[in-house]
file work.cif (mmCIF, N, CA and C atoms)
data_entry
loop_
_atom_site.label_atom_id
_atom_site.label_comp_id
_atom_site.auth_asym_id
_atom_site.auth_seq_id
_atom_site.Cartn_x
_atom_site.Cartn_y
_atom_site.Cartn_z
N MET A 1 18.00 3.21 -0.97
CA MET A 1 19.27 2.49 -0.94
C MET A 1 19.03 1.06 -1.40
N THR A 2 19.90 0.59 -2.25
CA THR A 2 19.83 -0.78 -2.76
C THR A 2 20.16 -1.76 -1.64
N LYS A 3 19.40 -2.82 -1.55
CA LYS A 3 19.62 -3.86 -0.55
C LYS A 3 20.21 -5.09 -1.19
N ILE A 4 21.12 -5.71 -0.46
CA ILE A 4 21.76 -6.94 -0.90
C ILE A 4 21.35 -8.05 0.06
N LYS A 5 20.85 -9.14 -0.50
CA LYS A 5 20.45 -10.28 0.30
C LYS A 5 21.63 -11.23 0.42
N LYS A 6 22.11 -11.41 1.65
CA LYS A 6 23.23 -12.30 1.92
C LYS A 6 22.77 -13.75 1.88
N LYS A 7 23.70 -14.68 1.86
CA LYS A 7 23.37 -16.11 1.84
C LYS A 7 22.53 -16.50 3.05
N THR A 8 22.72 -15.80 4.15
CA THR A 8 21.99 -16.09 5.38
C THR A 8 20.57 -15.56 5.35
N GLY A 9 20.23 -14.78 4.30
CA GLY A 9 18.90 -14.20 4.20
C GLY A 9 18.82 -12.78 4.74
N ILE A 10 19.87 -12.34 5.40
CA ILE A 10 19.91 -10.99 5.96
C ILE A 10 20.06 -9.97 4.82
N LEU A 11 19.34 -8.86 4.94
CA LEU A 11 19.47 -7.78 3.97
C LEU A 11 20.43 -6.73 4.50
N GLU A 12 21.29 -6.25 3.61
CA GLU A 12 22.27 -5.20 3.94
C GLU A 12 22.22 -4.14 2.88
N ASP A 13 22.58 -2.92 3.25
CA ASP A 13 22.70 -1.86 2.26
C ASP A 13 23.89 -2.17 1.35
N PHE A 14 23.74 -1.87 0.06
CA PHE A 14 24.85 -2.02 -0.87
C PHE A 14 25.95 -1.05 -0.46
N ASP A 15 27.20 -1.52 -0.50
CA ASP A 15 28.34 -0.70 -0.11
C ASP A 15 29.42 -0.81 -1.20
N ALA A 16 29.57 0.24 -1.98
CA ALA A 16 30.55 0.24 -3.06
C ALA A 16 31.97 0.08 -2.54
N LYS A 17 32.22 0.52 -1.31
CA LYS A 17 33.57 0.38 -0.73
C LYS A 17 33.94 -1.10 -0.58
N LYS A 18 32.96 -1.95 -0.29
CA LYS A 18 33.23 -3.39 -0.19
C LYS A 18 33.64 -3.95 -1.55
N VAL A 19 32.98 -3.48 -2.60
CA VAL A 19 33.33 -3.91 -3.95
C VAL A 19 34.75 -3.48 -4.26
N GLU A 20 35.05 -2.21 -4.02
CA GLU A 20 36.38 -1.69 -4.30
C GLU A 20 37.46 -2.45 -3.53
N LYS A 21 37.20 -2.71 -2.26
CA LYS A 21 38.17 -3.42 -1.42
C LYS A 21 38.42 -4.84 -1.95
N SER A 22 37.36 -5.52 -2.37
CA SER A 22 37.53 -6.90 -2.85
C SER A 22 38.26 -6.93 -4.20
N VAL A 23 38.02 -5.95 -5.06
CA VAL A 23 38.72 -5.91 -6.34
C VAL A 23 40.20 -5.60 -6.10
N LYS A 24 40.48 -4.68 -5.19
CA LYS A 24 41.87 -4.38 -4.85
C LYS A 24 42.58 -5.61 -4.32
N LYS A 25 41.89 -6.36 -3.45
CA LYS A 25 42.49 -7.57 -2.89
C LYS A 25 42.80 -8.58 -4.00
N ALA A 26 41.92 -8.71 -4.97
CA ALA A 26 42.16 -9.62 -6.09
C ALA A 26 43.41 -9.19 -6.86
N TYR A 27 43.58 -7.88 -7.06
CA TYR A 27 44.78 -7.38 -7.73
C TYR A 27 46.04 -7.74 -6.94
N VAL A 28 46.01 -7.48 -5.66
CA VAL A 28 47.18 -7.77 -4.81
C VAL A 28 47.49 -9.27 -4.83
N ASP A 29 46.45 -10.08 -4.66
CA ASP A 29 46.65 -11.54 -4.66
C ASP A 29 47.18 -12.05 -5.99
N ALA A 30 46.93 -11.30 -7.07
CA ALA A 30 47.42 -11.69 -8.39
C ALA A 30 48.82 -11.14 -8.65
N GLY A 31 49.37 -10.42 -7.67
CA GLY A 31 50.69 -9.84 -7.85
C GLY A 31 50.69 -8.59 -8.70
N LYS A 32 49.53 -7.99 -8.83
CA LYS A 32 49.37 -6.78 -9.63
C LYS A 32 49.41 -5.55 -8.73
N SER A 33 49.79 -4.44 -9.29
CA SER A 33 49.84 -3.18 -8.56
C SER A 33 48.46 -2.52 -8.53
N VAL A 34 48.01 -2.20 -7.32
CA VAL A 34 46.75 -1.49 -7.17
C VAL A 34 46.86 -0.11 -7.82
N ALA A 35 48.01 0.51 -7.67
CA ALA A 35 48.21 1.84 -8.28
C ALA A 35 48.09 1.76 -9.80
N ASP A 36 48.69 0.74 -10.40
CA ASP A 36 48.61 0.59 -11.85
C ASP A 36 47.19 0.24 -12.31
N GLY A 37 46.45 -0.44 -11.47
CA GLY A 37 45.10 -0.88 -11.84
C GLY A 37 44.00 0.04 -11.36
N ARG A 38 44.36 1.19 -10.79
CA ARG A 38 43.35 2.04 -10.16
C ARG A 38 42.21 2.45 -11.09
N ASP A 39 42.51 2.73 -12.36
CA ASP A 39 41.44 3.12 -13.28
C ASP A 39 40.47 1.97 -13.51
N ASN A 40 41.00 0.77 -13.68
CA ASN A 40 40.14 -0.39 -13.89
C ASN A 40 39.37 -0.73 -12.61
N ILE A 41 40.02 -0.62 -11.46
CA ILE A 41 39.35 -0.88 -10.19
C ILE A 41 38.19 0.10 -10.00
N ALA A 42 38.44 1.37 -10.30
CA ALA A 42 37.39 2.39 -10.18
C ALA A 42 36.24 2.11 -11.15
N LYS A 43 36.57 1.69 -12.38
CA LYS A 43 35.54 1.41 -13.37
C LYS A 43 34.69 0.22 -12.95
N ILE A 44 35.32 -0.85 -12.49
CA ILE A 44 34.56 -2.02 -12.03
C ILE A 44 33.66 -1.63 -10.88
N THR A 45 34.20 -0.90 -9.91
CA THR A 45 33.42 -0.48 -8.75
C THR A 45 32.22 0.37 -9.18
N GLU A 46 32.45 1.32 -10.06
CA GLU A 46 31.38 2.20 -10.53
C GLU A 46 30.33 1.42 -11.31
N ASP A 47 30.77 0.54 -12.20
CA ASP A 47 29.82 -0.25 -13.00
C ASP A 47 28.95 -1.14 -12.12
N VAL A 48 29.57 -1.81 -11.15
CA VAL A 48 28.81 -2.69 -10.26
C VAL A 48 27.84 -1.87 -9.42
N ALA A 49 28.28 -0.71 -8.94
CA ALA A 49 27.40 0.16 -8.13
C ALA A 49 26.22 0.65 -8.97
N ASN A 50 26.48 1.07 -10.20
CA ASN A 50 25.39 1.55 -11.06
C ASN A 50 24.39 0.44 -11.37
N GLN A 51 24.89 -0.75 -11.65
CA GLN A 51 24.00 -1.88 -11.92
C GLN A 51 23.18 -2.24 -10.69
N ALA A 52 23.79 -2.16 -9.52
CA ALA A 52 23.07 -2.46 -8.28
C ALA A 52 21.94 -1.46 -8.08
N LYS A 53 22.20 -0.19 -8.33
CA LYS A 53 21.16 0.84 -8.17
C LYS A 53 20.02 0.62 -9.16
N GLU A 54 20.36 0.26 -10.39
CA GLU A 54 19.34 0.05 -11.42
C GLU A 54 18.46 -1.15 -11.11
N LYS A 55 19.06 -2.21 -10.60
CA LYS A 55 18.34 -3.46 -10.42
C LYS A 55 17.62 -3.56 -9.07
N GLY A 56 17.97 -2.72 -8.12
CA GLY A 56 17.33 -2.80 -6.81
C GLY A 56 17.84 -3.98 -6.01
N GLU A 57 16.97 -4.56 -5.18
CA GLU A 57 17.40 -5.66 -4.32
C GLU A 57 17.92 -6.83 -5.15
N GLN A 58 19.04 -7.38 -4.70
CA GLN A 58 19.64 -8.53 -5.36
C GLN A 58 20.48 -9.31 -4.35
N THR A 59 21.04 -10.40 -4.80
CA THR A 59 21.82 -11.25 -3.89
C THR A 59 23.30 -10.89 -3.93
N SER A 60 23.99 -11.31 -2.90
CA SER A 60 25.44 -11.11 -2.88
C SER A 60 26.09 -11.91 -4.01
N GLU A 61 25.48 -13.00 -4.40
CA GLU A 61 25.99 -13.80 -5.52
C GLU A 61 25.90 -13.03 -6.83
N ASP A 62 24.83 -12.24 -7.00
CA ASP A 62 24.71 -11.39 -8.20
C ASP A 62 25.87 -10.41 -8.27
N ILE A 63 26.19 -9.79 -7.15
CA ILE A 63 27.28 -8.82 -7.08
C ILE A 63 28.60 -9.52 -7.39
N ARG A 64 28.82 -10.65 -6.77
CA ARG A 64 30.04 -11.43 -6.99
C ARG A 64 30.22 -11.76 -8.46
N ASN A 65 29.15 -12.21 -9.10
CA ASN A 65 29.22 -12.59 -10.51
C ASN A 65 29.58 -11.40 -11.39
N ARG A 66 29.03 -10.23 -11.09
CA ARG A 66 29.36 -9.04 -11.87
C ARG A 66 30.83 -8.68 -11.73
N ILE A 67 31.34 -8.77 -10.51
CA ILE A 67 32.75 -8.45 -10.28
C ILE A 67 33.65 -9.43 -11.02
N VAL A 68 33.39 -10.71 -10.88
CA VAL A 68 34.23 -11.73 -11.53
C VAL A 68 34.15 -11.61 -13.05
N ASP A 69 32.96 -11.35 -13.58
CA ASP A 69 32.82 -11.16 -15.02
C ASP A 69 33.65 -9.97 -15.50
N ALA A 70 33.61 -8.87 -14.74
CA ALA A 70 34.38 -7.68 -15.10
C ALA A 70 35.88 -7.96 -15.03
N LEU A 71 36.30 -8.70 -14.02
CA LEU A 71 37.72 -9.06 -13.92
C LEU A 71 38.13 -10.00 -15.05
N ASP A 72 37.26 -10.94 -15.39
CA ASP A 72 37.55 -11.84 -16.52
C ASP A 72 37.79 -11.05 -17.80
N ALA A 73 37.01 -10.00 -17.99
CA ALA A 73 37.11 -9.19 -19.21
C ALA A 73 38.30 -8.24 -19.21
N SER A 74 38.80 -7.89 -18.03
CA SER A 74 39.82 -6.84 -17.99
C SER A 74 41.15 -7.24 -17.36
N GLU A 75 41.12 -8.18 -16.44
CA GLU A 75 42.35 -8.56 -15.73
C GLU A 75 42.25 -10.01 -15.29
N LYS A 76 42.57 -10.90 -16.22
CA LYS A 76 42.41 -12.35 -16.00
C LYS A 76 43.11 -12.85 -14.74
N ARG A 77 44.32 -12.36 -14.48
CA ARG A 77 45.06 -12.84 -13.31
C ARG A 77 44.36 -12.48 -12.01
N ALA A 78 43.72 -11.31 -11.97
CA ALA A 78 42.97 -10.92 -10.78
C ALA A 78 41.72 -11.79 -10.63
N ALA A 79 41.08 -12.12 -11.74
CA ALA A 79 39.92 -13.01 -11.70
C ALA A 79 40.33 -14.39 -11.18
N GLU A 80 41.46 -14.88 -11.65
CA GLU A 80 41.97 -16.18 -11.18
C GLU A 80 42.30 -16.12 -9.69
N ALA A 81 42.87 -15.01 -9.24
CA ALA A 81 43.18 -14.85 -7.81
C ALA A 81 41.90 -14.85 -6.99
N TRP A 82 40.86 -14.20 -7.49
CA TRP A 82 39.56 -14.18 -6.79
C TRP A 82 39.04 -15.61 -6.63
N ARG A 83 39.07 -16.35 -7.72
CA ARG A 83 38.57 -17.74 -7.67
C ARG A 83 39.44 -18.60 -6.76
N GLY A 84 40.74 -18.36 -6.77
CA GLY A 84 41.62 -19.11 -5.89
C GLY A 84 41.31 -18.86 -4.43
N PHE A 85 41.02 -17.61 -4.10
CA PHE A 85 40.64 -17.26 -2.73
C PHE A 85 39.36 -17.98 -2.34
N GLU A 86 38.37 -17.94 -3.22
CA GLU A 86 37.10 -18.61 -2.93
C GLU A 86 37.29 -20.10 -2.75
N LYS A 87 38.08 -20.69 -3.61
CA LYS A 87 38.29 -22.13 -3.54
C LYS A 87 38.96 -22.51 -2.22
N LYS A 88 39.93 -21.71 -1.83
CA LYS A 88 40.69 -22.01 -0.62
C LYS A 88 39.90 -21.73 0.66
N TYR A 89 39.20 -20.59 0.69
CA TYR A 89 38.60 -20.15 1.95
C TYR A 89 37.10 -20.29 2.02
N LYS A 90 36.44 -20.32 0.89
CA LYS A 90 34.99 -20.36 0.93
C LYS A 90 34.41 -21.65 0.38
N LYS A 91 35.27 -22.49 -0.13
CA LYS A 91 34.84 -23.80 -0.66
C LYS A 91 33.74 -23.64 -1.70
N ARG A 92 33.81 -22.58 -2.49
CA ARG A 92 32.81 -22.29 -3.52
C ARG A 92 33.17 -23.04 -4.80
N VAL A 93 32.16 -23.55 -5.46
CA VAL A 93 32.37 -24.13 -6.78
C VAL A 93 32.41 -22.97 -7.76
N ASN A 94 33.52 -22.86 -8.46
CA ASN A 94 33.70 -21.73 -9.38
C ASN A 94 33.00 -21.97 -10.69
N ARG A 95 32.51 -20.89 -11.25
CA ARG A 95 31.86 -20.98 -12.55
C ARG A 95 32.80 -20.56 -13.61
#
call {"tool": "encode", "arguments": {"input": "work.cif", "output": "C-alpha cells"}}
result
Amino acid sequence: MTKIKKKTGILEDFDAKKVEKSVKKAYVDAGKSVADGRDNIAKITEDVANQAKEKGEQTSEDIRNRIVDALDASEKRAAEAWRGFEKKYKKRVNR
C-alpha cells in the first residue's frame, strides 16, 4: 500500500476516496454539477491513484499538486475553487 506523508510527519495509507471527495467538493464550490463532471472526477481520481502507486511513498503536497494540476487542465473553475478554499481555510500560498 502506498504511504502518504502528512505535514505532521505521520504516514497514512493512500485513500483514493479522499481524492474523489476533494475533487467533488471543488466542483460543488465552483458551482459545477458533480453529475455532469463525474467522468472527469473519475479520471482525475484514477490518474492520481495510479501515479501514487507508481511512485510509492510521497507527501500530501505531491498529491495536492497532482489534483490541482489536473483541475487546471480540465476544469479551471474547480481549480480556482480549490485554491479559494485553501486561501480561506488553510492559509496556503497558492502556486
call {"tool": "atom_distance", "arguments": {"input": "work.cif", "atom1": "atom CA of A:Gln51", "atom2": "atom N of A:Lys24"}}
result
18.0 Å
call {"tool": "resolve_selection", "arguments": {"input": "work.cif", "expression": "the PyMOL selection byres ((chain A and resi 25-34) around 7)", "output": "list in words"}}
result
Glu20, Lys21, Ser22, Val23, Lys24, Ala35, Asp36, Gly37, Arg38, Asp39, Arg77, Ala78, Ala79, Glu80, Ala81 and Trp82 of chain A
call {"tool": "atom_distance", "arguments": {"input": "work.cif", "atom1": "atom N of A:Lys3", "atom2": "atom CA of A:Asn40"}}
result
24.3 Å
call {"tool": "select_by_dssp", "arguments": {"input": "work.cif", "residues": "chain A", "states": "helix (DSSP H, G or I)", "output": "NGL selection string"}}
result
:A and (16-29 or 38-55 or 60-74 or 76-90)
call {"tool": "resolve_selection", "arguments": {"input": "work.cif", "expression": "the PyMOL selection byres ((chain A and resi 5) around 5)", "output": "MDAnalysis selection string"}}
result
chainID A and resid 3:4 6:7 10:11 58:60
call {"tool": "select_by_dssp", "arguments": {"input": "work.cif", "residues": "chain A", "states": "strand (DSSP E)", "output": "MDAnalysis selection string"}}
result
chainID A and resid 3:5 11:13 58:59
call {"tool": "atom_distance", "arguments": {"input": "work.cif", "atom1": "atom CA of A:Thr8", "atom2": "atom CA of A:Ile41"}}
result
27.8 Å
call {"tool": "axis_aligned_box", "arguments": {"input": "work.cif", "around": "stretch 43-52 of chain A", "padding_each_side": "5 Å", "output": "AutoDock Vina command-line options"}}
result
--center_x 29.3 --center_y -0.2 --center_z -10.7 --size_x 24.6 --size_y 14.9 --size_z 15.3
call {"tool": "resolve_selection", "arguments": {"input": "work.cif", "expression": "the PyMOL selection byres (((chain A and resi 19 and name CA) around 12) and name CA)", "output": "PyMOL selection string"}}
result
chain A and resi 14-18+20-26+41-50+52+60+63-68+70
call {"tool": "decode", "arguments": {"input": "work.cif", "residues": "stretch 15-89 of chain A", "atoms": "C-alpha atoms", "output": "tab-separated table (two decimals), in the first residue's frame"}}
result
chain	number	residue	atom	x	y	z
A	15	ASP	CA	-7.00	6.65	0.00
A	16	ALA	CA	-8.47	7.30	-3.45
A	17	LYS	CA	-11.84	8.10	-1.84
A	18	LYS	CA	-10.26	11.18	-0.22
A	19	VAL	CA	-9.07	12.34	-3.64
A	20	GLU	CA	-12.52	11.77	-5.15
A	21	LYS	CA	-14.24	13.59	-2.28
A	22	SER	CA	-11.94	16.62	-2.55
A	23	VAL	CA	-12.38	16.88	-6.33
A	24	LYS	CA	-16.16	16.65	-5.93
A	25	LYS	CA	-16.04	19.40	-3.31
A	26	ALA	CA	-14.06	21.62	-5.69
A	27	TYR	CA	-16.76	21.07	-8.34
A	28	VAL	CA	-19.54	21.97	-5.92
A	29	ASP	CA	-17.68	25.03	-4.63
A	30	ALA	CA	-17.24	26.15	-8.26
A	31	GLY	CA	-20.98	25.86	-8.85
A	32	LYS	CA	-20.48	22.89	-11.14
A	33	SER	CA	-22.58	19.74	-11.22
A	34	VAL	CA	-20.89	16.65	-9.80
A	35	ALA	CA	-23.14	14.55	-12.04
A	36	ASP	CA	-22.01	16.45	-15.14
A	37	GLY	CA	-18.36	16.19	-14.07
A	38	ARG	CA	-18.41	12.56	-12.98
A	39	ASP	CA	-16.26	11.32	-15.88
A	40	ASN	CA	-13.60	13.95	-15.24
A	41	ILE	CA	-13.77	13.39	-11.47
A	42	ALA	CA	-13.29	9.65	-12.01
A	43	LYS	CA	-10.39	10.26	-14.41
A	44	ILE	CA	-8.60	12.61	-12.02
A	45	THR	CA	-9.11	10.18	-9.13
A	46	GLU	CA	-7.84	7.23	-11.18
A	47	ASP	CA	-4.83	9.14	-12.56
A	48	VAL	CA	-3.78	10.38	-9.11
A	49	ALA	CA	-4.24	6.88	-7.63
A	50	ASN	CA	-2.17	5.28	-10.41
A	51	GLN	CA	0.61	7.84	-10.02
A	52	ALA	CA	0.62	7.31	-6.26
A	53	LYS	CA	1.01	3.54	-6.72
A	54	GLU	CA	3.83	4.00	-9.23
A	55	LYS	CA	5.77	6.48	-7.13
A	56	GLY	CA	5.39	4.83	-3.73
A	57	GLU	CA	5.71	6.96	-0.59
A	58	GLN	CA	5.13	10.65	-1.19
A	59	THR	CA	3.84	13.74	0.55
A	60	SER	CA	0.31	15.04	0.81
A	61	GLU	CA	1.61	18.11	-1.05
A	62	ASP	CA	2.57	15.89	-4.00
A	63	ILE	CA	-0.99	14.55	-4.14
A	64	ARG	CA	-2.45	18.05	-3.83
A	65	ASN	CA	-0.29	19.32	-6.67
A	66	ARG	CA	-1.38	16.49	-8.97
A	67	ILE	CA	-5.04	17.19	-8.25
A	68	VAL	CA	-4.74	20.94	-8.79
A	69	ASP	CA	-2.73	20.43	-11.99
A	70	ALA	CA	-5.41	18.06	-13.31
A	71	LEU	CA	-8.15	20.53	-12.42
A	72	ASP	CA	-6.21	23.36	-14.08
A	73	ALA	CA	-6.06	21.30	-17.27
A	74	SER	CA	-9.69	20.20	-17.26
A	75	GLU	CA	-11.91	22.44	-15.11
A	76	LYS	CA	-10.44	25.85	-14.33
A	77	ARG	CA	-13.34	26.98	-12.15
A	78	ALA	CA	-12.95	23.93	-9.91
A	79	ALA	CA	-9.20	24.60	-9.63
A	80	GLU	CA	-9.94	28.20	-8.64
A	81	ALA	CA	-12.47	26.97	-6.06
A	82	TRP	CA	-9.83	24.61	-4.62
A	83	ARG	CA	-7.35	27.47	-4.28
A	84	GLY	CA	-10.01	29.72	-2.78
A	85	PHE	CA	-10.75	27.10	-0.13
A	86	GLU	CA	-7.06	26.77	0.70
A	87	LYS	CA	-6.60	30.51	0.88
A	88	LYS	CA	-9.57	30.95	3.17
A	89	TYR	CA	-9.17	27.94	5.45
